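Asks: So I've got this file, input.cif, and it contains mmCIF, C-alpha atoms:
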```cif
data_start
loop_
_atom_site.label_atom_id
_atom_site.label_comp_id
_atom_site.auth_asym_id
_atom_site.auth_seq_id
_atom_site.Cartn_x
_atom_site.Cartn_y
_atom_site.Cartn_z
CA MET A 35 43.52 64.66 -25.44
CA LEU A 36 40.38 63.85 -23.50
CA ILE A 37 40.44 60.05 -23.34
CA THR A 38 38.39 59.66 -20.17
CA ARG A 39 35.39 61.13 -21.93
CA VAL A 40 35.01 57.86 -23.87
CA LEU A 41 34.37 56.05 -20.59
CA PHE A 42 31.19 58.00 -19.98
CA ASN A 43 29.60 56.92 -23.24
CA ARG A 44 26.56 54.78 -22.72
CA ALA A 45 26.33 51.38 -24.33
CA PRO A 46 24.74 51.44 -27.76
CA LYS A 47 21.02 50.68 -27.85
CA ALA A 48 20.35 46.96 -28.36
CA ASP A 49 18.87 45.95 -31.67
CA ASN A 50 15.18 45.17 -31.20
CA PHE A 51 15.26 42.78 -34.11
CA TRP A 52 16.93 39.97 -32.16
CA LYS A 53 14.79 40.42 -29.08
CA ARG A 54 11.61 40.23 -31.18
CA ARG A 55 12.98 37.34 -33.20
CA ARG A 56 13.28 35.32 -30.00
CA VAL A 57 9.57 35.92 -29.44
CA PHE A 58 8.48 35.30 -33.04
CA LYS A 59 10.25 31.94 -33.10
CA LEU A 60 7.98 30.82 -30.29
CA THR A 61 4.78 32.32 -31.71
CA ALA A 62 5.26 31.07 -35.27
CA HIS A 63 2.30 28.71 -35.00
CA TYR A 64 -0.19 31.32 -33.74
CA ARG A 65 -3.04 32.79 -35.78
CA GLY A 66 -3.31 36.28 -37.20
CA ARG A 67 -1.57 39.30 -35.72
CA LYS A 68 -0.52 37.28 -32.69
CA ARG A 69 2.04 35.68 -34.98
CA ASN A 70 3.72 38.72 -36.45
CA CYS A 71 3.01 41.79 -34.32
CA TYR A 72 5.32 42.00 -31.34
CA SER A 73 3.19 43.87 -28.80
CA ILE A 74 0.26 41.51 -29.39
CA ALA A 75 2.37 38.37 -29.61
CA ILE A 76 4.26 39.00 -26.39
CA LYS A 77 1.04 38.92 -24.32
CA TYR A 78 -0.01 35.54 -25.67
CA LEU A 79 3.48 34.18 -25.38
CA HIS A 80 3.67 35.08 -21.70
CA ARG A 81 0.36 33.34 -21.11
CA ALA A 82 1.57 30.26 -22.99
CA LEU A 83 4.78 30.03 -20.97
CA VAL A 84 2.79 30.23 -17.74
CA TYR A 85 0.57 27.39 -19.01
CA VAL A 86 3.71 25.32 -19.66
CA LYS A 87 4.64 25.67 -15.99
CA LYS A 88 1.12 24.92 -14.74
CA GLY A 89 0.72 22.02 -17.16
CA ARG A 90 3.54 20.06 -15.58
CA LYS A 91 1.45 19.65 -12.41
CA LEU A 92 -1.81 19.08 -14.30
CA LYS A 93 -0.20 16.33 -16.39
CA LYS A 94 0.43 14.28 -13.28
CA LYS A 95 -3.08 14.91 -12.00
CA ASP A 96 -4.65 13.97 -15.33
CA ALA A 97 -2.60 10.80 -15.56
CA ILE A 98 -3.80 9.63 -12.13
CA GLU A 99 -7.39 10.30 -13.15
CA LEU A 100 -6.94 8.36 -16.37
CA TRP A 101 -5.43 5.38 -14.59
CA GLN A 102 -8.31 5.35 -12.13
CA GLN A 103 -10.82 5.38 -14.98
CA ARG A 104 -9.08 2.53 -16.72
CA ILE A 105 -8.85 0.41 -13.57
CA SER A 106 -12.50 1.08 -12.83
CA ALA A 107 -13.49 0.03 -16.35
CA GLY A 108 -11.44 -3.13 -16.08
CA CYS A 109 -13.00 -3.96 -12.73
CA ARG A 110 -16.53 -3.43 -13.94
CA GLU A 111 -15.94 -5.75 -16.87
CA LEU A 112 -15.14 -8.42 -14.30
CA GLY A 113 -18.09 -7.63 -12.04
CA SER A 114 -16.08 -5.83 -9.38
CA SER A 115 -15.53 -2.15 -8.65
CA TYR A 116 -12.51 0.15 -8.30
CA GLU A 117 -13.14 0.70 -4.62
CA ALA A 118 -13.51 -3.01 -3.91
CA LEU A 119 -10.26 -3.79 -5.73
CA VAL A 120 -8.21 -1.08 -4.09
CA ARG A 121 -9.50 -1.60 -0.58
CA GLY A 122 -9.31 -5.38 -0.86
CA MET A 123 -5.74 -5.20 -2.12
CA ALA A 124 -4.71 -2.85 0.66
CA ARG A 125 -6.04 -5.28 3.21
CA CYS A 126 -4.05 -8.11 1.60
CA GLN A 127 -0.87 -5.98 1.70
CA ILE A 128 -0.50 -5.95 -2.07
CA ALA A 129 1.10 -2.61 -2.84
CA LEU A 130 0.64 -2.08 -6.57
CA ASP A 131 -0.03 1.52 -7.56
CA LYS A 132 -2.55 2.93 -10.01
CA LYS A 133 -0.11 3.19 -12.91
CA THR A 134 0.81 -0.47 -12.64
CA LEU A 135 -2.78 -1.59 -12.14
CA ALA A 136 -3.91 0.29 -15.24
CA ASN A 137 -1.07 -1.28 -17.21
CA LEU A 138 -2.01 -4.74 -16.01
CA ALA A 139 -5.68 -4.15 -16.76
CA ILE A 140 -4.81 -3.48 -20.39
CA TRP A 141 -1.87 -5.76 -21.08
CA GLU A 142 -2.13 -8.54 -18.47
CA PRO A 143 -5.85 -9.30 -18.16
CA ARG A 144 -5.43 -12.61 -16.40
CA THR A 145 -3.22 -11.11 -13.71
CA PHE A 146 -5.71 -8.29 -13.29
CA LYS A 147 -8.57 -10.75 -12.98
CA SER A 148 -6.75 -12.70 -10.28
CA LEU A 149 -6.17 -9.44 -8.39
CA THR A 150 -9.89 -8.64 -8.46
CA GLN A 151 -10.66 -12.15 -7.22
CA ILE A 152 -8.17 -11.91 -4.36
CA ALA A 153 -9.61 -8.56 -3.32
CA ALA A 154 -13.14 -9.94 -3.49
CA ALA A 155 -12.17 -12.98 -1.42
CA LYS A 156 -10.62 -10.76 1.22
CA LEU A 157 -13.70 -8.54 1.38
CA ARG A 158 -15.86 -11.62 1.70
CA GLN A 159 -13.88 -12.56 4.80
CA GLU A 160 -13.77 -9.06 6.25
CA PRO A 161 -16.74 -7.18 4.81
CA ILE A 162 -16.73 -3.42 4.52
CA LYS A 163 -19.97 -1.56 5.12
CA GLY A 164 -21.28 -0.36 1.79
CA LEU A 165 -19.12 -2.64 -0.34
CA ASN A 166 -21.01 -5.90 0.01
CA ASP A 167 -20.88 -8.25 -2.91
CA ILE A 168 -23.92 -10.54 -2.99
CA SER A 169 -22.94 -12.43 -6.13
CA PRO A 170 -21.76 -16.02 -5.61
CA PRO A 171 -18.03 -16.44 -5.03
CA PRO A 172 -16.06 -17.29 -8.18
CA ALA A 173 -14.88 -20.84 -8.69
CA GLY A 174 -11.23 -21.75 -8.43
CA VAL A 175 -10.22 -19.20 -5.80
CA ILE A 176 -8.43 -20.99 -2.98
CA THR A 177 -7.18 -18.93 -0.07
CA ARG A 178 -6.66 -21.60 2.62
CA GLY A 179 -7.10 -18.91 5.22
CA MET A 180 -3.89 -17.19 4.18
CA LEU A 181 -5.48 -13.90 3.19
CA MET B 265 -19.54 -21.17 5.20
CA THR B 266 -22.42 -18.83 4.56
CA VAL B 267 -24.50 -19.26 1.42
CA TYR B 268 -26.88 -16.70 -0.02
CA ILE B 269 -29.74 -18.03 -2.17
CA ASP B 270 -32.30 -15.94 -4.01
CA THR B 271 -34.78 -18.56 -5.11
CA ILE B 272 -34.72 -22.22 -4.35
CA ASN B 273 -34.99 -23.03 -8.04
CA MET B 274 -32.01 -20.86 -8.88
CA ALA B 275 -30.04 -22.57 -6.18
CA LEU B 276 -30.98 -25.98 -7.47
CA MET B 277 -29.90 -25.00 -10.93
CA ARG B 278 -26.59 -23.92 -9.53
CA ASN B 279 -26.34 -27.16 -7.63
CA LEU B 280 -25.73 -25.34 -4.39
CA LEU B 281 -28.42 -26.91 -2.33
CA SER B 282 -26.76 -30.25 -2.71
CA LYS B 283 -24.00 -28.96 -0.47
CA LEU B 284 -26.30 -27.82 2.22
CA SER B 285 -27.55 -31.10 3.66
CA LEU B 286 -29.88 -29.11 5.80
CA ILE B 287 -32.93 -28.48 3.65
CA GLN B 288 -35.42 -31.16 2.99
CA ILE B 289 -38.36 -30.42 0.76
CA SER B 290 -41.66 -32.22 0.87
CA PRO B 291 -42.24 -34.43 -2.18
CA LYS B 292 -45.48 -32.68 -3.07
CA TYR B 293 -43.49 -29.60 -4.01
CA LEU B 294 -40.99 -31.50 -6.09
CA ARG B 295 -41.32 -32.22 -9.76
CA PRO B 296 -39.75 -35.43 -11.10
CA ASN B 297 -36.35 -33.99 -11.98
CA GLY B 298 -35.92 -32.43 -8.60
CA ILE B 299 -37.03 -28.87 -9.42
CA VAL B 300 -39.34 -27.36 -6.89
CA ASN B 301 -42.83 -26.32 -8.00
CA SER B 302 -43.37 -22.61 -7.94
CA ILE B 303 -43.64 -21.84 -4.32
CA PRO B 304 -46.01 -18.85 -4.17
CA SER B 305 -44.72 -15.57 -5.52
CA SER B 306 -42.34 -14.26 -2.82
CA ARG B 307 -38.62 -14.82 -3.20
CA TYR B 308 -36.96 -16.80 -0.49
CA ILE B 309 -33.73 -15.55 0.88
CA LEU B 310 -32.20 -18.19 3.02
CA GLN B 311 -29.13 -17.83 5.06
CA VAL B 312 -27.89 -21.15 6.22
CA GLU B 313 -24.98 -21.90 8.48
CA THR B 314 -23.19 -25.09 7.69
CA THR B 315 -20.47 -26.86 9.54
CA GLU B 316 -16.97 -26.86 8.11
CA LYS B 317 -17.01 -30.42 6.90
CA CYS B 318 -20.12 -30.44 4.78
CA ALA B 319 -21.70 -33.59 3.57
CA ILE B 320 -22.69 -33.52 -0.07
CA ARG B 321 -25.94 -35.29 -0.62
CA THR B 322 -28.34 -35.27 -3.54
CA LEU B 323 -31.89 -34.05 -3.14
CA ARG B 324 -33.26 -37.31 -4.41
CA SER B 325 -32.64 -38.78 -1.01
CA ALA B 326 -34.56 -35.98 0.61
CA ALA B 327 -37.47 -36.35 -1.78
CA PHE B 328 -37.96 -39.96 -0.80
CA ASN B 329 -38.60 -38.99 2.75
CA ASN B 330 -41.98 -37.85 3.86
CA TYR B 331 -41.63 -34.35 5.19
CA GLU B 332 -44.23 -31.65 5.35
CA GLY B 333 -43.20 -28.37 3.82
CA VAL B 334 -39.71 -26.94 4.05
CA LYS B 335 -37.78 -27.52 7.21
CA LEU B 336 -34.36 -26.40 8.30
CA ASN B 337 -32.62 -29.30 9.92
CA ALA B 338 -29.78 -27.96 11.96
CA ALA B 339 -27.81 -30.94 13.18
CA GLN B 340 -30.05 -33.98 13.23
CA GLN B 341 -29.49 -36.90 10.97
CA THR B 342 -32.66 -38.23 9.46
CA SER B 343 -33.65 -41.79 10.17
CA ALA B 344 -34.20 -42.90 6.59
CA GLU B 345 -31.31 -41.76 4.40
CA PRO B 346 -30.71 -44.68 2.08
CA GLN B 347 -28.51 -42.91 -0.48
CA GLN B 348 -25.67 -41.15 1.29
CA GLU B 349 -23.22 -39.87 -1.26
CA VAL B 350 -19.57 -38.81 -1.07
CA LEU B 351 -18.36 -37.16 2.11
CA GLU B 352 -15.68 -34.67 1.01
CA ASN B 353 -13.62 -32.32 3.09
CA GLN B 354 -13.46 -28.88 1.52
CA HIS B 355 -10.07 -28.18 3.06
CA ASP B 356 -8.45 -31.33 1.66
CA LEU B 357 -9.83 -30.62 -1.79
CA GLU B 358 -8.32 -27.15 -1.76
CA LEU B 359 -4.98 -28.43 -0.53
CA ALA B 360 -4.83 -30.98 -3.32
CA VAL B 361 -5.54 -28.35 -5.96
CA THR B 362 -2.96 -26.01 -4.45
CA LYS B 363 -0.26 -28.66 -4.44
CA GLU B 364 -1.03 -29.59 -8.02
CA THR B 365 -0.77 -25.97 -9.12
CA ILE B 366 2.50 -25.40 -7.29
CA THR B 367 4.09 -28.51 -8.81
CA LYS B 368 3.03 -27.36 -12.27
CA VAL B 369 4.62 -23.96 -11.70
CA ASN B 370 7.78 -25.50 -10.27
CA ASN B 371 8.03 -27.84 -13.26
CA GLN B 372 7.89 -24.86 -15.58
CA ILE B 373 10.59 -23.12 -13.56
CA GLU B 374 12.87 -26.16 -13.56
CA GLU B 375 12.44 -26.76 -17.27
CA ASN B 376 12.63 -23.01 -17.98
CA SER B 377 9.53 -23.36 -20.14
CA HIS B 378 7.65 -20.37 -18.74
CA GLY B 379 8.86 -18.06 -21.51
CA ARG B 380 9.32 -14.33 -21.10
CA LEU B 381 8.84 -13.04 -17.56
CA PHE B 382 7.71 -9.58 -16.59
CA ALA B 383 8.10 -7.97 -13.19
CA VAL B 384 6.81 -4.91 -11.40
CA ILE B 385 9.71 -3.30 -9.57
CA HIS B 386 9.76 -0.34 -7.24
CA PHE B 387 12.74 1.71 -8.41
CA ALA B 388 13.69 5.28 -7.59
CA GLY B 389 10.32 6.08 -6.04
CA LYS B 390 8.24 4.74 -8.91
CA GLN B 391 6.75 1.38 -9.83
CA ARG B 392 7.70 0.18 -13.27
CA ARG B 393 6.57 -2.87 -15.23
CA VAL B 394 9.69 -4.31 -16.83
CA THR B 395 10.79 -7.26 -18.88
CA ASP B 396 14.02 -8.31 -20.58
CA GLY B 397 15.43 -5.67 -22.85
CA ASP B 398 13.40 -2.73 -21.54
CA LEU B 399 14.83 0.76 -21.16
CA ILE B 400 13.78 2.73 -18.12
CA MET B 401 14.48 6.38 -17.36
CA VAL B 402 15.29 7.35 -13.83
CA GLU B 403 15.13 11.08 -13.08
CA GLY B 404 17.45 12.65 -10.61
CA THR B 405 21.05 12.11 -9.59
CA HIS B 406 21.89 8.49 -9.04
CA PRO B 407 25.16 7.40 -7.47
CA THR B 408 25.89 4.87 -10.21
CA ASN B 409 28.17 5.24 -13.20
CA VAL B 410 27.64 4.25 -16.82
CA GLY B 411 28.27 0.53 -17.16
CA ASP B 412 27.37 -0.44 -13.59
CA VAL B 413 25.11 -3.44 -13.15
CA ILE B 414 22.34 -2.89 -10.64
CA ARG B 415 20.00 -5.38 -9.06
CA ALA B 416 16.44 -4.18 -8.49
CA GLU B 417 15.63 -5.57 -5.07
CA LYS B 418 12.03 -4.50 -4.55
CA VAL B 419 10.01 -6.77 -6.77
CA LEU B 420 6.25 -6.58 -6.22
CA LEU B 421 4.99 -8.92 -8.88
CA LEU B 422 6.39 -11.47 -11.29
CA GLY B 423 4.32 -12.81 -14.13
CA SER B 424 4.56 -15.14 -17.05
CA ARG B 425 2.12 -16.51 -19.60
CA ASP B 426 0.67 -19.11 -17.25
CA PHE B 427 1.24 -17.89 -13.70
CA THR B 428 1.73 -14.76 -11.64
CA LEU B 429 3.49 -14.41 -8.32
CA LEU B 430 2.27 -11.56 -6.14
CA GLY B 431 4.35 -10.23 -3.32
CA ARG B 432 2.75 -9.08 -0.09
CA PRO B 433 4.13 -6.52 -0.53
CA LEU B 434 7.49 -7.78 -1.87
CA LEU B 435 8.65 -11.09 -3.28
CA ARG B 436 11.55 -12.95 -1.71
CA PRO B 437 14.94 -11.87 -3.08
CA ASP B 438 16.10 -15.47 -3.36
CA LEU B 439 13.14 -16.20 -5.62
CA VAL B 440 13.30 -13.40 -8.19
CA ARG B 441 16.21 -11.59 -9.79
CA VAL B 442 15.96 -8.38 -11.85
CA GLU B 443 19.23 -6.95 -13.15
CA ALA B 444 19.85 -3.74 -15.07
CA THR B 445 22.83 -1.91 -16.57
CA VAL B 446 23.25 1.85 -16.58
CA VAL B 447 23.44 2.84 -20.23
CA GLU B 448 23.37 6.63 -20.25
CA LYS B 449 23.69 9.46 -17.78
CA SER B 450 22.80 12.89 -19.03
CA LEU B 451 20.68 16.00 -18.58
CA THR B 452 17.05 16.42 -19.68
CA HIS B 453 15.95 18.96 -22.27
CA THR B 454 15.81 22.55 -21.08
CA LYS B 455 12.61 23.27 -19.19
CA THR B 456 11.39 26.86 -19.00
CA ILE B 457 9.99 28.14 -15.72
CA PHE B 458 8.23 31.40 -16.43
CA ARG B 459 6.35 33.41 -13.82
CA ASN B 460 4.33 36.42 -14.79
CA ARG B 461 1.89 38.64 -12.89
CA ARG B 462 0.21 40.70 -15.55
CA ARG B 463 0.10 44.47 -15.14
CA LYS B 464 2.10 44.22 -11.90
CA ASN B 465 5.53 44.57 -13.40
CA TYR B 466 6.58 41.12 -12.23
CA MET B 467 8.23 38.70 -14.62
CA ARG B 468 10.78 35.98 -13.92
CA ILE B 469 12.24 33.39 -16.25
CA ASN B 470 14.38 30.42 -15.22
CA PHE B 471 15.73 27.45 -17.10
CA CYS B 472 16.21 24.03 -15.63
CA ARG B 473 17.93 20.80 -16.70
CA ASN B 474 17.72 17.73 -14.47
CA HIS B 475 19.97 14.74 -14.33
CA PHE B 476 18.68 11.40 -15.47
CA SER B 477 19.94 7.87 -16.02
CA ILE B 478 18.79 5.29 -18.52
CA LEU B 479 18.89 1.68 -17.47
CA ARG B 480 18.64 -1.36 -19.68
CA ILE B 481 16.96 -4.34 -17.99
CA ASN B 482 19.24 -7.28 -18.63
CA CYS B 483 17.19 -10.08 -17.15
CA VAL B 484 14.08 -10.86 -15.19
CA ARG B 485 14.35 -14.40 -13.96
CA LEU B 486 13.21 -16.87 -11.33
CA GLU B 487 16.01 -18.27 -9.26
CA GLY B 488 14.20 -20.48 -6.78
CA LEU B 489 11.19 -22.71 -6.62
CA VAL B 490 7.83 -21.58 -5.39
CA ASP B 491 6.83 -22.66 -1.86
CA GLN B 492 10.34 -23.84 -1.00
CA ARG B 493 11.89 -21.46 1.47
CA PRO B 494 15.55 -21.83 2.42
CA GLU B 495 16.39 -22.78 5.99
CA VAL B 496 18.15 -19.51 6.71
CA GLU B 497 16.85 -16.28 5.17
CA GLY B 498 18.28 -12.80 4.99
CA VAL B 499 21.87 -13.97 4.68
CA GLU B 500 22.25 -13.33 0.96
CA GLY B 501 24.81 -10.68 0.14
CA ARG B 502 25.97 -10.28 3.71
CA ILE B 503 29.62 -10.41 4.56
CA PHE B 504 30.41 -12.27 7.74
#
```
Could you take the file, read its structure, and then write that structure out as structure tokens?
Replies:
Amino acid sequence: MLITRVLFNRAPKADNFWKRRRVFKLTAHYRGRKRNCYSIAIKYLHRALVYVKKGRKLKKKDAIELWQQRISAGCRELGSSYEALVRGMARCQIALDKKTLANLAIWEPRTFKSLTQIAAAKLRQEPIKGLNDISPPPAGVITRGML
Amino acid sequence: MTVYIDTINMALMRNLLSKLSLIQISPKYLRPNGIVNSIPSSRYILQVETTEKCAIRTLRSAAFNNYEGVKLNAAQQTSAEPQQEVLENQHDLELAVTKETITKVNNQIEENSHGRLFAVIHFAGKQRRVTDGDLIMVEGTHPTNVGDVIRAEKVLLLGSRDFTLLGRPLLRPDLVRVEATVVEKSLTHTKTIFRNRRRKNYMRINFCRNHFSILRINCVRLEGLVDQRPEVEGVEGRIF
């Protein structure tokens, strides 16, 4: 009996159905032939998966941009500017980041206003070229030379 | 103190000139209620240096004197100044207001009437705005176990309804206390990392799950009084 011959048999061909099913589960929300035809769907799926990877970096970048916009809007409502706030705060050694500042601008307006006033007071003491604020200083801001 | 004025009228309306004690205006330019007649078209931008202790005087006294035109009077006292009003020190005023504010804040702390406090903590590389009962997610391996109570030591800001304390950059640890309990330690959902170079026969797929911890903030509270530093600092938590 030739039993060793069985060892040289190749593995049976894998069923395409399951391989394609893995793809169609991910493309179920696509339009037209991209949804149901494998050779078309696979191209768009590959592109989508690459976008998933790229999007993780872009999400962080977009979030930073959004925070900056929100802080800038909050500052302008109070007669200041984003640059004045950030540079004034840095000079006062207040280390709040953009995410926190945007949060405060929305949910803690009084805290945010006091931050803009502190930054403005500091820049009044140590002016930066190009960021001069000629409006009168706000009332009720007492620094006692501690800034 | 440097004061910027656009027009003299504007300044009068804002009652700034009364602090200046240096400008006297001839009566012929003054209307009865102290507003200056329109001095011809150009805007005046005056930059006046005052001494630290500025005398607050009303313009009525100036109007009674006979001066020609507008004069800047640097340091001289005029001979006829019948109505000299209150002499106030700017520094003392500020100090009084500061002390009043601090006592108000300390009263709220002592009576515990400030209400809910929120804090901005720097935890695991990120700043988070937290209050009592919040859940925060910390990505990455953390050497704590479920059930451990952690104290967040880097507090940048503490706020309540009526006051905010800003750290430069951090607040004192004997002033603020933020405590959290580790609630869950698990792995994130499966993230797919797919690299493809089209038409170049290059395709790689990897799957990734990261560790994370979820912390429940137990309390954000004030433990000390504002503006009252202990005699010895930096000893808390040390074993001698």
Asks: Leaving out Ile74 (chain A) and any residue of its chain fewer than 4 positions from it, which residues lie within 12 Å of it when counting only C-alpha atoms, given as a PyMOL selection string?
Replies: chain A and resi 54+57-58+61+64-70+78-81
Asks: What residues in chain B have any atom no more than 8 Å from chain A when counting only C-alpha atoms, and can you write them as a list in words?
Replies: Tyr268, His355, Glu358, Leu359, Thr362, Val384, Gln391, Arg392, Arg393, Leu420, Gly423, Thr428, Leu430, Gly431, Arg432, Pro433, Thr456, Ile457, Phe458, Arg459 and Asn460 of chain B
Asks: Can you work out the spacing between CA of Ala136 (chain A) and CA of Ala97 (chain A) in Å, to one decimal?
Replies: 10.6 Å
Asks: Excluding Asp438 (chain B) and residues on its chain fewer than 5 positions from it, collect all residues at most 8 Å away from it, counting only C-alpha atoms, and give them as a list in words.
Replies: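 Listed by chain and then number, they are Glu487, Gly488 and Glu500 of chain B.
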Asks: Counting all atoms listed in the file, what is within 12 Å of Leu381 (chain B), bar same-chain residues fewer than 5 positions away, as number ranges by chain?
Replies: A: 142; B: 373, 376, 393-398, 421-429, 440-442, 481-486
Asks: Tell me, in Å to one decimal, how far CA of Arg415 (chain B) is from CA of Ile98 (chain A).
Replies: 28.3 Å
Asks: Please enumerate the residues selected by the PyMOL selection byres ((chain A and resi 155) around 10) when evaluated against the supplied file, formatted as a list in words.
Replies: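 For this structure, the PyMOL selection byres ((chain A and resi 155) around 10) captures Gly122, Cys126, Leu149, Thr150, Gln151, Ile152, Ala153, Ala154, Lys156, Leu157, Arg158, Gln159, Glu160, Pro161, Pro171, Pro172, Val175, Ile176, Thr177 and Leu181 of chain A.
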Asks: Considering all atoms listed in the file, return as number ranges by chain whatever protein or nucleic-acid residues lie within 9 Å of Lys418 (chain B), sequence-local ones (same chain, fewer than 6 positions apart) excluded.
Replies: B: 384-387, 434-437
Asks: Would you mind exporting the chosen residues as a PDB file, in the frame of the given file, restricted to C-alpha atoms?
Replies:
```pdb
ATOM      1  CA  VAL B 384       6.810  -4.910 -11.400  1.00  0.00           C
ATOM      2  CA  ILE B 385       9.710  -3.300  -9.570  1.00  0.00           C
ATOM      3  CA  HIS B 386       9.760  -0.340  -7.240  1.00  0.00           C
ATOM      4  CA  PHE B 387      12.740   1.710  -8.410  1.00  0.00           C
ATOM      5  CA  LEU B 434       7.490  -7.780  -1.870  1.00  0.00           C
ATOM      6  CA  LEU B 435       8.650 -11.090  -3.280  1.00  0.00           C
ATOM      7  CA  ARG B 436      11.550 -12.950  -1.710  1.00  0.00           C
ATOM      8  CA  PRO B 437      14.940 -11.870  -3.080  1.00  0.00           C
TER       9      PRO B 437
END
```
Asks: Give me, please, the distance in Å between CA of Leu489 (chain B) and CA of Glu375 (chain B), quoted to one decimal.
Replies: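 So the two atoms, CA of Leu489 (chain B) and CA of Glu375 (chain B), lie 11.5 Å apart.
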Asks: For Tyr116 (chain A), work out the shell of residues within 10 Å, counting all atoms listed in the file and skipping chain neighbours fewer than 2 positions away, then give it as JSON, numbers by chain.
Replies: {"A": [102, 103, 104, 105, 106, 107, 108, 109, 110, 114, 118, 119, 120, 121, 122, 150]}
Asks: Run the PyMOL selection byres ((chain B and resi 446) around 9) mentally over the shown coordinates, then write out the matched residues as a PyMOL selection string, using the chain letters and numbers from the document.
Replies: chain B and resi 408-414+444-445+447-449+477-481
